[in-house]
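K.L.:
coords.cif is the file, holding mmCIF, C-alpha atoms:
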```
data_input
loop_
_atom_site.label_atom_id
_atom_site.label_comp_id
_atom_site.auth_asym_id
_atom_site.auth_seq_id
_atom_site.Cartn_x
_atom_site.Cartn_y
_atom_site.Cartn_z
CA MET U 1 -17.81 -20.20 39.42
CA ASN U 2 -17.45 -19.80 35.65
CA THR U 3 -20.26 -21.25 33.57
CA ASN U 4 -21.09 -20.79 29.88
CA PHE U 5 -23.58 -17.92 30.07
CA VAL U 6 -25.47 -18.61 26.83
CA GLU U 7 -25.63 -22.37 27.44
CA GLU U 8 -26.91 -21.69 30.96
CA LEU U 9 -29.75 -19.52 29.62
CA LYS U 10 -30.57 -22.11 26.95
CA TRP U 11 -31.03 -25.11 29.24
CA ARG U 12 -33.00 -22.99 31.69
CA GLY U 13 -35.40 -22.00 28.88
CA MET U 14 -34.59 -18.31 29.25
CA LEU U 15 -32.94 -17.39 25.94
CA HIS U 16 -35.05 -15.69 23.26
CA ASP U 17 -32.94 -13.68 20.76
CA ILE U 18 -29.18 -13.34 20.43
CA MET U 19 -27.28 -11.20 17.96
CA PRO U 20 -24.71 -13.03 15.80
CA GLY U 21 -21.24 -12.83 17.31
CA THR U 22 -22.49 -12.42 20.90
CA GLU U 23 -21.59 -15.92 22.03
CA GLU U 24 -18.15 -15.69 20.42
CA GLN U 25 -17.45 -12.41 22.25
CA LEU U 26 -18.52 -13.92 25.60
CA SER U 27 -16.27 -16.94 25.08
CA LYS U 28 -13.22 -14.75 24.30
CA ALA U 29 -12.89 -12.68 27.47
CA MET U 30 -14.62 -11.19 30.48
CA THR U 31 -17.25 -8.91 28.95
CA SER U 32 -19.19 -6.04 30.48
CA GLY U 33 -22.94 -6.01 29.84
CA TYR U 34 -25.97 -4.25 31.23
CA ILE U 35 -29.70 -4.39 31.81
CA GLY U 36 -31.89 -1.36 32.47
CA PHE U 37 -34.45 -1.16 35.30
CA ASP U 38 -37.33 1.27 35.23
CA PRO U 39 -37.71 3.31 38.45
CA THR U 40 -41.46 3.98 38.17
CA ALA U 41 -42.00 2.46 41.64
CA ASP U 42 -39.93 2.25 44.83
CA SER U 43 -39.65 -1.52 44.55
CA LEU U 44 -38.96 -4.13 41.91
CA HIS U 45 -41.55 -6.91 41.53
CA VAL U 46 -41.41 -10.57 40.52
CA GLY U 47 -41.69 -9.53 36.86
CA HIS U 48 -38.17 -8.08 37.20
CA LEU U 49 -36.73 -11.32 38.54
CA VAL U 50 -35.97 -12.75 35.09
CA GLN U 51 -33.65 -9.82 34.36
CA ILE U 52 -32.13 -10.02 37.84
CA MET U 53 -31.47 -13.74 37.29
CA THR U 54 -29.94 -12.92 33.89
CA LEU U 55 -27.43 -10.58 35.56
CA ILE U 56 -26.71 -13.19 38.27
CA HIS U 57 -25.92 -15.82 35.59
CA PHE U 58 -23.85 -13.24 33.68
CA GLN U 59 -21.73 -12.55 36.78
CA ARG U 60 -21.45 -16.25 37.69
CA ALA U 61 -20.10 -16.87 34.18
CA GLY U 62 -17.24 -14.48 34.97
CA HIS U 63 -18.61 -11.41 33.19
CA LYS U 64 -19.12 -7.92 34.63
CA PRO U 65 -22.76 -6.87 35.11
CA TYR U 66 -23.95 -3.27 35.04
CA ALA U 67 -27.39 -2.48 36.42
CA LEU U 68 -28.66 0.72 34.85
CA VAL U 69 -31.39 2.46 36.80
CA GLY U 70 -33.22 4.80 34.45
CA GLY U 71 -33.48 8.03 36.38
CA ALA U 72 -33.67 9.93 33.07
CA THR U 73 -35.67 7.41 30.99
CA GLY U 74 -38.15 7.16 33.87
CA MET U 75 -39.02 10.75 33.03
CA VAL U 76 -39.84 9.78 29.44
CA GLY U 77 -41.65 6.42 29.44
CA ASP U 78 -41.03 3.27 27.40
CA PRO U 79 -43.80 2.38 24.87
CA SER U 80 -42.73 -1.28 24.62
CA GLY U 81 -45.58 -3.54 25.66
CA LYS U 82 -47.71 -0.57 26.73
CA SER U 83 -51.09 0.36 25.25
CA GLU U 84 -51.16 3.91 26.58
CA GLU U 85 -49.02 6.82 27.71
CA ARG U 86 -47.47 6.43 31.14
CA ASN U 87 -47.74 8.93 33.97
CA LEU U 88 -44.45 10.75 34.44
CA LEU U 89 -42.92 11.12 37.90
CA SER U 90 -41.33 14.09 39.61
CA GLU U 91 -37.56 14.22 40.04
CA ASP U 92 -37.87 13.71 43.83
CA SER U 93 -40.04 10.61 43.37
CA LEU U 94 -37.64 9.20 40.81
CA ASN U 95 -34.60 9.80 43.04
CA HIS U 96 -36.34 8.03 45.93
CA ASN U 97 -37.26 5.08 43.68
CA VAL U 98 -33.71 4.85 42.28
CA GLU U 99 -32.26 4.54 45.80
CA CYS U 100 -34.77 1.82 46.74
CA LEU U 101 -33.99 -0.18 43.59
CA LYS U 102 -30.25 0.07 44.26
CA ASN U 103 -30.76 -1.40 47.73
CA GLN U 104 -32.78 -4.31 46.34
CA LEU U 105 -30.31 -5.19 43.59
CA THR U 106 -27.44 -5.43 46.09
CA LYS U 107 -29.17 -8.52 47.55
CA PHE U 108 -28.62 -10.42 44.32
CA LEU U 109 -25.38 -9.20 42.79
CA ASP U 110 -21.84 -8.87 44.14
CA PHE U 111 -21.10 -5.14 44.15
CA GLU U 112 -18.63 -5.07 47.03
CA SER U 113 -16.01 -7.81 46.66
CA GLY U 114 -13.52 -5.80 44.64
CA ALA U 115 -13.34 -8.63 42.08
CA SER U 116 -12.66 -7.62 38.49
CA ASN U 117 -16.23 -8.61 37.60
CA ALA U 118 -17.93 -6.92 40.59
CA ALA U 119 -21.27 -5.43 39.59
CA VAL U 120 -21.66 -1.70 38.98
CA MET U 121 -24.76 0.47 39.42
CA VAL U 122 -25.26 3.40 37.04
CA ASN U 123 -28.03 5.98 36.64
CA ASN U 124 -28.60 7.47 33.19
CA TYR U 125 -29.71 10.74 34.77
CA ASP U 126 -26.00 11.33 35.48
CA TRP U 127 -25.19 11.71 31.77
CA PHE U 128 -28.50 13.16 30.61
CA LYS U 129 -28.91 15.97 33.16
CA GLU U 130 -26.47 18.26 31.32
CA PHE U 131 -27.42 17.10 27.81
CA SER U 132 -29.35 19.92 26.09
CA PHE U 133 -32.14 19.13 23.68
CA LEU U 134 -30.32 20.81 20.77
CA ASN U 135 -27.16 18.85 21.44
CA PHE U 136 -29.16 15.63 21.68
CA ILE U 137 -30.92 16.02 18.33
CA ARG U 138 -27.63 17.06 16.72
CA ASP U 139 -25.41 14.34 18.23
CA VAL U 140 -27.91 11.49 18.46
CA GLY U 141 -31.02 12.21 16.38
CA LYS U 142 -29.22 12.65 13.07
CA HIS U 143 -27.76 9.12 13.16
CA ILE U 144 -31.08 7.21 13.29
CA THR U 145 -33.74 7.78 10.62
CA VAL U 146 -37.45 8.13 11.34
CA ASN U 147 -38.04 5.22 8.93
CA TYR U 148 -35.81 3.02 11.11
CA MET U 149 -37.67 4.07 14.27
CA MET U 150 -41.13 3.63 12.70
CA ALA U 151 -40.31 0.06 11.68
CA LYS U 152 -40.07 -1.07 15.33
CA ASP U 153 -42.96 -3.27 16.48
CA SER U 154 -43.41 -1.30 19.71
CA VAL U 155 -43.96 1.87 17.66
CA LYS U 156 -46.11 0.25 14.96
CA LYS U 157 -48.51 -1.28 17.49
CA ARG U 158 -49.07 2.03 19.22
CA LEU U 159 -49.55 3.95 15.96
CA GLU U 160 -52.08 1.38 14.76
CA GLY U 161 -54.08 1.75 18.01
CA ASP U 162 -56.52 4.47 18.99
CA THR U 163 -54.30 6.26 21.52
CA GLY U 164 -51.38 7.07 19.20
CA MET U 165 -47.99 8.00 20.64
CA SER U 166 -46.46 11.23 21.88
CA PHE U 167 -43.11 12.48 20.61
CA THR U 168 -41.85 11.89 24.17
CA GLU U 169 -42.41 8.15 23.95
CA PHE U 170 -41.41 8.00 20.28
CA SER U 171 -38.01 9.41 21.27
CA TYR U 172 -37.51 6.73 23.94
CA GLN U 173 -35.56 4.37 21.70
CA LEU U 174 -33.09 7.17 20.89
CA VAL U 175 -32.60 7.84 24.60
CA GLN U 176 -32.09 4.14 25.34
CA GLY U 177 -29.85 3.83 22.30
CA TYR U 178 -27.68 6.64 23.66
CA ASP U 179 -27.51 4.86 27.05
CA PHE U 180 -25.95 1.88 25.30
CA TYR U 181 -23.54 4.15 23.41
CA TYR U 182 -22.51 5.96 26.61
CA LEU U 183 -21.87 2.70 28.50
CA TRP U 184 -20.08 1.23 25.46
CA LYS U 185 -17.81 4.29 25.18
CA HIS U 186 -17.15 5.02 28.87
CA HIS U 187 -17.52 1.59 30.55
CA GLN U 188 -16.69 -0.79 27.66
CA CYS U 189 -20.16 -2.37 27.91
CA LEU U 190 -20.32 -4.52 24.78
CA ILE U 191 -23.68 -6.18 25.36
CA GLN U 192 -27.13 -5.05 26.38
CA MET U 193 -29.66 -7.59 27.66
CA GLY U 194 -33.36 -7.42 28.44
CA GLY U 195 -36.78 -8.97 27.89
CA SER U 196 -37.80 -9.93 24.35
CA ASP U 197 -40.08 -6.86 24.19
CA GLN U 198 -36.89 -4.73 24.40
CA TRP U 199 -35.24 -6.19 21.29
CA GLY U 200 -36.10 -3.17 19.12
CA ASN U 201 -34.73 -0.66 21.65
CA ILE U 202 -31.56 -2.70 22.25
CA VAL U 203 -30.84 -3.12 18.54
CA THR U 204 -31.29 0.65 18.07
CA GLY U 205 -28.38 1.00 20.52
CA THR U 206 -26.13 -1.38 18.57
CA GLU U 207 -27.06 0.43 15.34
CA PHE U 208 -26.32 3.85 16.87
CA ILE U 209 -22.90 2.65 18.08
CA ARG U 210 -22.15 1.35 14.56
CA ARG U 211 -23.29 4.53 12.78
CA LYS U 212 -21.74 7.05 15.18
CA ASP U 213 -18.36 5.44 15.95
CA ALA U 214 -18.22 2.43 13.60
CA GLY U 215 -18.23 0.35 16.81
CA THR U 216 -19.37 -3.21 17.46
CA ALA U 217 -21.88 -4.08 20.18
CA PHE U 218 -24.10 -7.06 20.92
CA ALA U 219 -27.61 -7.88 22.08
CA LEU U 220 -29.37 -10.70 23.89
CA THR U 221 -32.96 -11.03 25.11
CA THR U 222 -34.78 -13.45 27.37
CA GLN U 223 -38.22 -14.99 27.07
CA LEU U 224 -41.18 -13.07 28.47
CA ILE U 225 -42.70 -15.23 31.19
CA LYS U 226 -46.25 -16.36 30.56
CA LYS U 227 -48.33 -18.67 32.72
CA ALA U 228 -49.49 -21.95 31.20
CA ASP U 229 -53.14 -20.80 31.34
CA GLY U 230 -52.32 -17.61 29.42
CA THR U 231 -52.82 -15.21 32.35
CA LYS U 232 -50.19 -12.62 33.22
CA PHE U 233 -47.26 -13.76 35.34
CA GLY U 234 -46.61 -11.83 38.56
CA LYS U 235 -50.16 -10.63 39.15
CA THR U 236 -52.59 -11.74 41.85
CA GLU U 237 -56.05 -10.50 42.83
CA GLY U 238 -54.26 -7.99 45.05
CA GLY U 239 -52.08 -6.70 42.18
CA SER U 240 -48.33 -7.03 41.60
CA VAL U 241 -46.14 -9.25 43.79
CA TRP U 242 -43.39 -6.92 45.02
CA LEU U 243 -39.91 -7.66 46.36
CA ASP U 244 -40.38 -5.07 49.13
CA ALA U 245 -41.76 -6.74 52.29
CA LYS U 246 -43.78 -3.58 53.06
CA ARG U 247 -45.66 -3.93 49.77
CA THR U 248 -45.98 -7.74 49.67
CA SER U 249 -45.43 -9.58 52.95
CA PRO U 250 -42.92 -12.49 52.89
CA TYR U 251 -45.85 -14.82 53.68
CA LYS U 252 -47.83 -13.64 50.63
CA PHE U 253 -44.65 -13.73 48.55
CA TYR U 254 -44.04 -17.33 49.64
CA GLN U 255 -47.68 -18.28 48.92
CA PHE U 256 -47.45 -16.80 45.42
CA TRP U 257 -44.78 -19.33 44.49
CA LEU U 258 -46.36 -22.16 46.49
CA ASN U 259 -49.63 -21.75 44.53
CA THR U 260 -47.87 -22.21 41.18
CA THR U 261 -49.39 -24.91 38.94
CA ASP U 262 -47.33 -28.03 38.20
CA ALA U 263 -46.94 -26.97 34.54
CA ASP U 264 -45.58 -23.53 35.49
CA ALA U 265 -43.44 -24.85 38.37
CA LYS U 266 -41.39 -26.99 35.96
CA SER U 267 -40.29 -23.90 34.04
CA TYR U 268 -40.11 -21.55 37.07
CA ILE U 269 -37.65 -23.76 38.97
CA ARG U 270 -35.21 -23.42 36.04
CA ILE U 271 -35.74 -19.67 35.57
CA PHE U 272 -35.97 -18.37 39.13
CA THR U 273 -33.60 -20.60 41.13
CA LEU U 274 -29.87 -21.28 40.89
CA LEU U 275 -30.31 -25.01 41.40
CA SER U 276 -28.28 -27.17 39.02
CA LYS U 277 -29.82 -29.30 36.27
CA GLU U 278 -29.17 -32.46 38.31
CA GLU U 279 -30.78 -31.00 41.45
CA ILE U 280 -33.82 -29.83 39.48
CA GLU U 281 -34.29 -33.21 37.77
CA LYS U 282 -34.09 -34.95 41.16
CA ILE U 283 -36.76 -32.61 42.64
CA GLU U 284 -38.97 -33.13 39.55
CA ALA U 285 -38.74 -36.91 39.91
CA GLU U 286 -39.70 -36.68 43.61
CA HIS U 287 -42.57 -34.35 42.72
CA ASP U 288 -43.89 -36.60 39.95
CA ALA U 289 -43.90 -39.55 42.37
CA ALA U 290 -46.10 -37.64 44.86
CA PRO U 291 -47.60 -34.50 43.22
CA HIS U 292 -49.95 -33.86 46.17
CA LEU U 293 -46.92 -33.02 48.36
CA ARG U 294 -46.08 -30.06 46.04
CA ILE U 295 -42.35 -30.74 46.40
CA LEU U 296 -41.55 -28.69 43.29
CA GLN U 297 -43.51 -25.65 44.44
CA LYS U 298 -42.01 -25.81 47.94
CA ALA U 299 -38.48 -25.96 46.52
CA ILE U 300 -39.13 -22.84 44.39
CA ALA U 301 -40.89 -20.92 47.19
CA ASN U 302 -38.16 -21.73 49.74
CA ASP U 303 -35.31 -20.80 47.41
CA ILE U 304 -36.73 -17.48 46.17
CA THR U 305 -38.12 -16.34 49.54
CA VAL U 306 -34.71 -16.81 51.19
CA ARG U 307 -32.90 -14.88 48.45
CA VAL U 308 -35.39 -12.00 48.48
CA HIS U 309 -36.28 -11.81 52.19
CA GLY U 310 -33.81 -13.98 54.14
CA GLU U 311 -33.96 -17.10 56.32
CA GLU U 312 -35.98 -15.54 59.16
CA ALA U 313 -38.68 -14.33 56.77
CA LEU U 314 -38.93 -17.80 55.23
CA GLU U 315 -39.29 -19.35 58.68
CA MET U 316 -42.07 -16.87 59.49
CA ALA U 317 -43.82 -17.64 56.19
CA LEU U 318 -43.62 -21.40 56.85
CA LYS U 319 -44.98 -21.01 60.40
CA THR U 320 -47.77 -18.75 59.15
CA SER U 321 -48.71 -21.35 56.51
CA GLU U 322 -48.62 -24.11 59.14
CA PHE U 323 -50.81 -22.05 61.48
CA LEU U 324 -53.41 -21.18 58.84
CA PHE U 325 -53.48 -24.42 56.86
CA GLY U 326 -51.89 -27.07 59.07
CA SER U 327 -51.70 -28.04 62.71
CA GLY U 328 -49.85 -24.96 63.97
CA ASP U 329 -50.90 -23.78 67.45
CA LEU U 330 -51.31 -20.52 69.34
CA ALA U 331 -47.73 -20.52 70.62
CA PHE U 332 -46.74 -19.16 67.20
CA LEU U 333 -49.00 -16.09 67.47
CA GLN U 334 -48.12 -15.45 71.11
CA LYS U 335 -44.50 -14.83 70.14
CA LEU U 336 -45.42 -12.14 67.60
CA SER U 337 -45.82 -8.38 67.92
CA ASP U 338 -49.23 -6.84 67.19
CA GLU U 339 -47.95 -5.71 63.77
CA GLN U 340 -46.77 -9.23 62.93
CA VAL U 341 -50.12 -10.74 63.98
CA LEU U 342 -51.92 -8.29 61.67
CA GLU U 343 -49.47 -9.23 58.90
CA VAL U 344 -50.31 -12.94 59.38
CA PHE U 345 -54.01 -12.13 58.97
CA GLU U 346 -53.56 -9.64 56.14
CA GLY U 347 -56.41 -10.10 53.66
CA ILE U 348 -58.45 -12.13 56.18
CA PRO U 349 -61.77 -10.56 57.43
CA GLN U 350 -61.25 -8.56 60.64
CA PHE U 351 -63.79 -7.19 63.12
CA LYS U 352 -63.33 -4.82 66.03
CA ILE U 353 -65.00 -5.66 69.34
CA SER U 354 -65.09 -3.80 72.67
CA LYS U 355 -62.72 -5.01 75.36
CA GLN U 356 -65.27 -3.75 77.91
CA ASP U 357 -67.75 -6.40 76.76
CA LEU U 358 -65.24 -9.12 77.59
CA PHE U 359 -65.06 -8.11 81.28
CA THR U 360 -68.42 -9.76 81.91
CA GLY U 361 -68.11 -12.26 79.06
CA ILE U 362 -69.89 -12.45 75.69
CA ASN U 363 -71.98 -15.41 74.62
CA ILE U 364 -70.25 -17.23 71.75
CA VAL U 365 -73.29 -16.87 69.45
CA ASP U 366 -73.61 -13.14 70.18
CA LEU U 367 -69.87 -12.69 69.60
CA LEU U 368 -69.91 -14.36 66.18
CA ALA U 369 -73.22 -13.07 64.82
CA GLU U 370 -73.87 -9.76 66.61
CA LYS U 371 -70.62 -8.24 67.86
CA SER U 372 -68.93 -9.36 64.63
CA GLN U 373 -70.21 -10.65 61.29
CA VAL U 374 -68.48 -14.03 61.25
CA PHE U 375 -72.02 -15.42 60.71
CA PRO U 376 -74.92 -13.53 59.09
CA SER U 377 -77.39 -14.78 61.74
CA LYS U 378 -77.50 -16.32 65.22
CA GLY U 379 -79.35 -19.32 63.82
CA GLU U 380 -76.56 -20.11 61.39
CA ALA U 381 -73.93 -19.61 64.12
CA LYS U 382 -75.75 -22.03 66.48
CA LYS U 383 -76.19 -24.62 63.75
CA MET U 384 -72.48 -24.62 62.81
CA ILE U 385 -71.31 -24.62 66.46
CA LEU U 386 -73.47 -27.66 67.21
CA GLY U 387 -72.17 -29.32 64.04
CA GLY U 388 -68.56 -28.92 65.23
CA GLY U 389 -67.62 -26.43 62.52
CA VAL U 390 -66.45 -23.56 64.73
CA ALA U 391 -63.15 -23.02 66.55
CA ILE U 392 -61.98 -20.20 68.79
CA ASN U 393 -58.20 -19.83 69.02
CA LYS U 394 -57.75 -23.17 67.29
CA GLU U 395 -59.98 -25.05 69.79
CA LYS U 396 -63.28 -26.59 68.67
CA VAL U 397 -66.41 -25.11 70.25
CA ASN U 398 -69.64 -27.15 70.53
CA ASN U 399 -71.42 -25.33 73.36
CA VAL U 400 -73.76 -22.51 72.23
CA ASP U 401 -73.89 -21.17 75.80
CA LEU U 402 -70.11 -20.71 76.10
CA LEU U 403 -68.98 -17.31 77.43
CA ILE U 404 -65.91 -15.72 75.87
CA ASP U 405 -64.00 -13.38 78.19
CA GLN U 406 -60.58 -11.71 78.54
CA THR U 407 -58.85 -15.03 79.15
CA SER U 408 -59.45 -15.85 75.46
CA LEU U 409 -57.40 -12.89 74.26
CA ILE U 410 -54.12 -13.57 72.46
CA ASN U 411 -51.52 -10.91 73.35
CA GLU U 412 -54.34 -9.15 75.26
CA LYS U 413 -55.81 -8.03 71.94
CA PHE U 414 -56.83 -10.75 69.48
CA ILE U 415 -59.28 -13.65 69.15
CA VAL U 416 -59.00 -16.00 66.18
CA ALA U 417 -62.34 -17.38 64.99
CA GLN U 418 -62.50 -20.22 62.52
CA LYS U 419 -65.46 -21.34 60.42
CA GLY U 420 -64.86 -24.71 58.80
CA LYS U 421 -61.27 -25.82 58.18
CA LYS U 422 -59.75 -22.83 56.40
CA GLN U 423 -62.01 -19.81 56.85
CA TYR U 424 -60.44 -17.47 59.40
CA PHE U 425 -61.60 -14.24 61.05
CA LEU U 426 -59.60 -11.98 63.33
CA LEU U 427 -61.44 -10.24 66.17
CA ILE U 428 -59.50 -7.21 67.43
CA CYS U 429 -60.15 -5.63 70.82
#
```
Could you quickly redo this structure as C-alpha cells?
P.N.:
Amino acid sequence: MNTNFVEELKWRGMLHDIMPGTEEQLSKAMTSGYIGFDPTADSLHVGHLVQIMTLIHFQRAGHKPYALVGGATGMVGDPSGKSEERNLLSEDSLNHNVECLKNQLTKFLDFESGASNAAVMVNNYDWFKEFSFLNFIRDVGKHITVNYMMAKDSVKKRLEGDTGMSFTEFSYQLVQGYDFYYLWKHHQCLIQMGGSDQWGNIVTGTEFIRRKDAGTAFALTTQLIKKADGTKFGKTEGGSVWLDAKRTSPYKFYQFWLNTTDADAKSYIRIFTLLSKEEIEKIEAEHDAAPHLRILQKAIANDITVRVHGEEALEMALKTSEFLFGSGDLAFLQKLSDEQVLEVFEGIPQFKISKQDLFTGINIVDLLAEKSQVFPSKGEAKKMILGGGVAINKEKVNNVDLLIDQTSLINEKFIVAQKGKKQYFLLIC
C-alpha cells in the first residue's frame, strides 16, 4: 500500500517540521530513513507510539524504515526536554533493554518479508564500541563548532537553569549526528525523523554530513503530544503506560485509552490508529450523535490494544471492564488462573483472610469490618447491608446475619466484595 508519507502525516495532525527538499526526495524514489529509540528501560511506552506510527506510515508509503536502538547513546544521555542529568546504565542492563525493544518493534514493522523496503534494526553500539575518544574528536568534533552546538535550544535551556550540563550530555548531539552520518554512508539513510524536541540533534546530523562529505540529508519531525488540559500525555497516577504487559496490564492499557477525553480522542484516533480518513469521520459522526456511548474512545482502545497485545488480550480487557463496570458475572473469573484474577483486581484494595475461619462460617458484618477493612466499623457495614449497598460475588446481600463459608470462594481462594456500584475489594484466602 503506497501512500504519500508527508500528506499522510499532515492530515493526521502529526507533522511539525520538515527540511526543504524532503518531500521532493520522498516522491522521487524509495528512501531509507530512521528514528532512534532510547533503551533506558526494557520496554517502550505509549509516549513512543508516535514515532512507531511514523515508521509504520513511512513503510506503508513504500519507504525503508530503520529503527536505531541507542545502545551507545543510552550510555551518554540526551539533554533534549530534560531538566537534569540522567542516570547512566550498565552495559548488561543496556543490552537487555535493547533486546526487549527489538522484540516490541517487530510487532509493528515488517522486518521479515524480504521486501525491498523491509525494516532494519540497528544498534549504534556496533559502530561506537571500537571508536576511540581521540579518533572521535578528530573525525567528528572538528567539523561542528561549539558556537553551533551552544545555539541549540536543548543546550541553552539547560545552561540557563541551575543544574547546568555535563560535557557528556553536551557531546550528545555530536554522537547522534555521527549516527546519522554512519547510516547515511553505510545504509543510504537520507532522512532522520523524530519528535519536535529532536530537531536540533537531527539538524546537527544533516550539517555534519554536509561539512564532512559534502553530502545531502533530510529531516522531519512530528508534533509532541499534549493533552487538551495541558497535562502530560502517557502518564497516569501509577506512572508511565508501558507496552510490556508485565509492566502495564492489557486491561489497564485498554482503560488508559478508554478514559481519553472527547477533545483528545479526536486527535488520538488520527495519530495512533491506521484507520482511514473516511472511517475516522464516520466514527466521529456516530460519536457526536451519542457521546455517552464513547464510540470514539472504544474505537481507539480496541485498535491500539489489539496491535500492542493481540486479540486475546483485548477480549480479556473487555471482559474485565464488563465484570467491573457492567453486568459481567462470576463465570468470567472462574475461568481465570489465580494470577489472572489478581491482574483483574490490580490496584483494587485486597485483604487476606484465614481459610480456617470459613470452615465454620464468618458473619458477613464481621467479615467486612473485622476480618477485613472493607468498612471502618460494624455499624457502617450493617447500615449499608440493610440499605442494599453491599454485594458478595456480584450478589446483593441484605441480611446482616448471613454466614459466609467455603462455598462462597471463587477458585477456592477469592471472595469479591462490592460496596456501592463500583467500589470493589478482593478478599484472598
K.L.:
Would you list the residues near (-43.5, -10.4, 42.0) (no more than 8 Å away, in the coordinates of the file, using all atoms listed in the file) as a ChimeraX atom specification?
P.N.:
/U:44-49,234-235,240-243,253
K.L.:
When the PyMOL selection byres ((chain U and resi 6-11) around 10) is applied to the file above, which residues end up in the set, as a list in words?
P.N.:
Thr3, Asn4, Phe5, Arg12, Gly13, Met14, Leu15, His16, Ile18, Thr22, Glu23, Leu26, Ser27, Met53, Thr54, His57, Phe58, Ala61, Leu220, Thr222, Gln223, Arg270, Ile271, Ser276 and Lys277 of chain U
K.L.:
Which one of U:Leu403, U:Ala118, U:Ser249, U:Gly239 sits closest to U:Asp357 if you count all atoms listed in the file?
P.N.:
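Using all atoms listed in the file, U:Asp357 sits closest to U:Leu403.
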K.L.:
Taking 3 positions as the minimum chain separation for residues in the same chain, which residues sit within 12 Å of stretch 266-269 of chain U when counting only C-alpha atoms? Answer as a PyMOL selection string.
P.N.:
chain U and resi 11-14+46+49-50+53+223+225-228+233-234+257-258+260-263+272-277+279-285+287-288+294-304
K.L.:
When you draw a straight line from atom CA of U:Ser43 to atom CA of U:Asn97, how long is it in Å?
P.N.:
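Atom CA of U:Ser43 sits 7.1 Å away from atom CA of U:Asn97.
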K.L.:
For stretch 124-141 of chain U, list every protein, DNA or RNA residue within 8 Å, evaluated using only C-alpha atoms, and leave out those in the same chain fewer than 5 positions away; present the list as a ChimeraX atom specification.
P.N.:
/U:68-73,174,178-179,208
K.L.:
Care to translate the PyMOL selection byres ((chain U and resi 408) around 12) into actual residues of this file, as number ranges by chain?
P.N.:
U: 330, 355, 358-359, 361-362, 364, 392-395, 402-407, 409-417, 427-429
K.L.:
Using only C-alpha atoms, find the one residue out of U:Gly74, U:Asp213, U:Phe218, U:Glu380 that sits nearest to U:Gly33.
P.N.:
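Looking at the shortest contact to U:Gly33, the residue is U:Phe218.
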K.L.:
Given only C-alpha atoms as the basis, pick out the residue of U:Asp92, U:Asp110, U:Asp244, U:Glu99 nearest to U:Val122.
P.N.:
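Residue with the minimum atom-to-atom distance to U:Val122: U:Glu99.
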K.L.:
What would stretch 387-400 of chain U look like with N, CA and C atoms in place, written as an mmCIF file, in the coordinates of the input?
P.N.:
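Once everything was written out, this is part.cif:
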```cif
data_model
loop_
_atom_site.group_PDB
_atom_site.id
_atom_site.type_symbol
_atom_site.label_atom_id
_atom_site.label_comp_id
_atom_site.auth_asym_id
_atom_site.auth_seq_id
_atom_site.Cartn_x
_atom_site.Cartn_y
_atom_site.Cartn_z
ATOM 1 N N GLY U 387 -72.679 -28.346 65.015
ATOM 2 C CA GLY U 387 -72.170 -29.320 64.040
ATOM 3 C C GLY U 387 -70.657 -29.485 64.108
ATOM 4 N N GLY U 388 -70.012 -28.768 65.053
ATOM 5 C CA GLY U 388 -68.560 -28.920 65.230
ATOM 6 C C GLY U 388 -67.730 -28.166 64.206
ATOM 7 N N GLY U 389 -68.335 -27.155 63.574
ATOM 8 C CA GLY U 389 -67.620 -26.430 62.520
ATOM 9 C C GLY U 389 -67.036 -25.103 62.941
ATOM 10 N N VAL U 390 -66.968 -24.843 64.254
ATOM 11 C CA VAL U 390 -66.450 -23.560 64.730
ATOM 12 C C VAL U 390 -65.311 -23.793 65.713
ATOM 13 N N ALA U 391 -64.267 -22.962 65.587
ATOM 14 C CA ALA U 391 -63.150 -23.020 66.550
ATOM 15 C C ALA U 391 -62.820 -21.600 66.986
ATOM 16 N N ILE U 392 -62.474 -21.471 68.261
ATOM 17 C CA ILE U 392 -61.980 -20.200 68.790
ATOM 18 C C ILE U 392 -60.538 -20.439 69.244
ATOM 19 N N ASN U 393 -59.639 -19.657 68.708
ATOM 20 C CA ASN U 393 -58.200 -19.830 69.020
ATOM 21 C C ASN U 393 -57.745 -21.269 68.843
ATOM 22 N N LYS U 394 -58.179 -21.833 67.703
ATOM 23 C CA LYS U 394 -57.750 -23.170 67.290
ATOM 24 C C LYS U 394 -58.368 -24.310 68.120
ATOM 25 N N GLU U 395 -59.318 -23.993 69.006
ATOM 26 C CA GLU U 395 -59.980 -25.050 69.790
ATOM 27 C C GLU U 395 -61.436 -25.135 69.384
ATOM 28 N N LYS U 396 -61.892 -26.370 69.085
ATOM 29 C CA LYS U 396 -63.280 -26.590 68.670
ATOM 30 C C LYS U 396 -64.247 -26.140 69.755
ATOM 31 N N VAL U 397 -65.353 -25.537 69.330
ATOM 32 C CA VAL U 397 -66.410 -25.110 70.250
ATOM 33 C C VAL U 397 -67.690 -25.844 69.863
ATOM 34 N N ASN U 398 -68.353 -26.503 70.859
ATOM 35 C CA ASN U 398 -69.640 -27.150 70.530
ATOM 36 C C ASN U 398 -70.737 -26.791 71.523
ATOM 37 N N ASN U 399 -70.458 -25.769 72.330
ATOM 38 C CA ASN U 399 -71.420 -25.330 73.360
ATOM 39 C C ASN U 399 -71.914 -23.928 72.994
ATOM 40 N N VAL U 400 -73.205 -23.810 72.650
ATOM 41 C CA VAL U 400 -73.760 -22.510 72.230
ATOM 42 C C VAL U 400 -73.929 -21.551 73.411
#
```
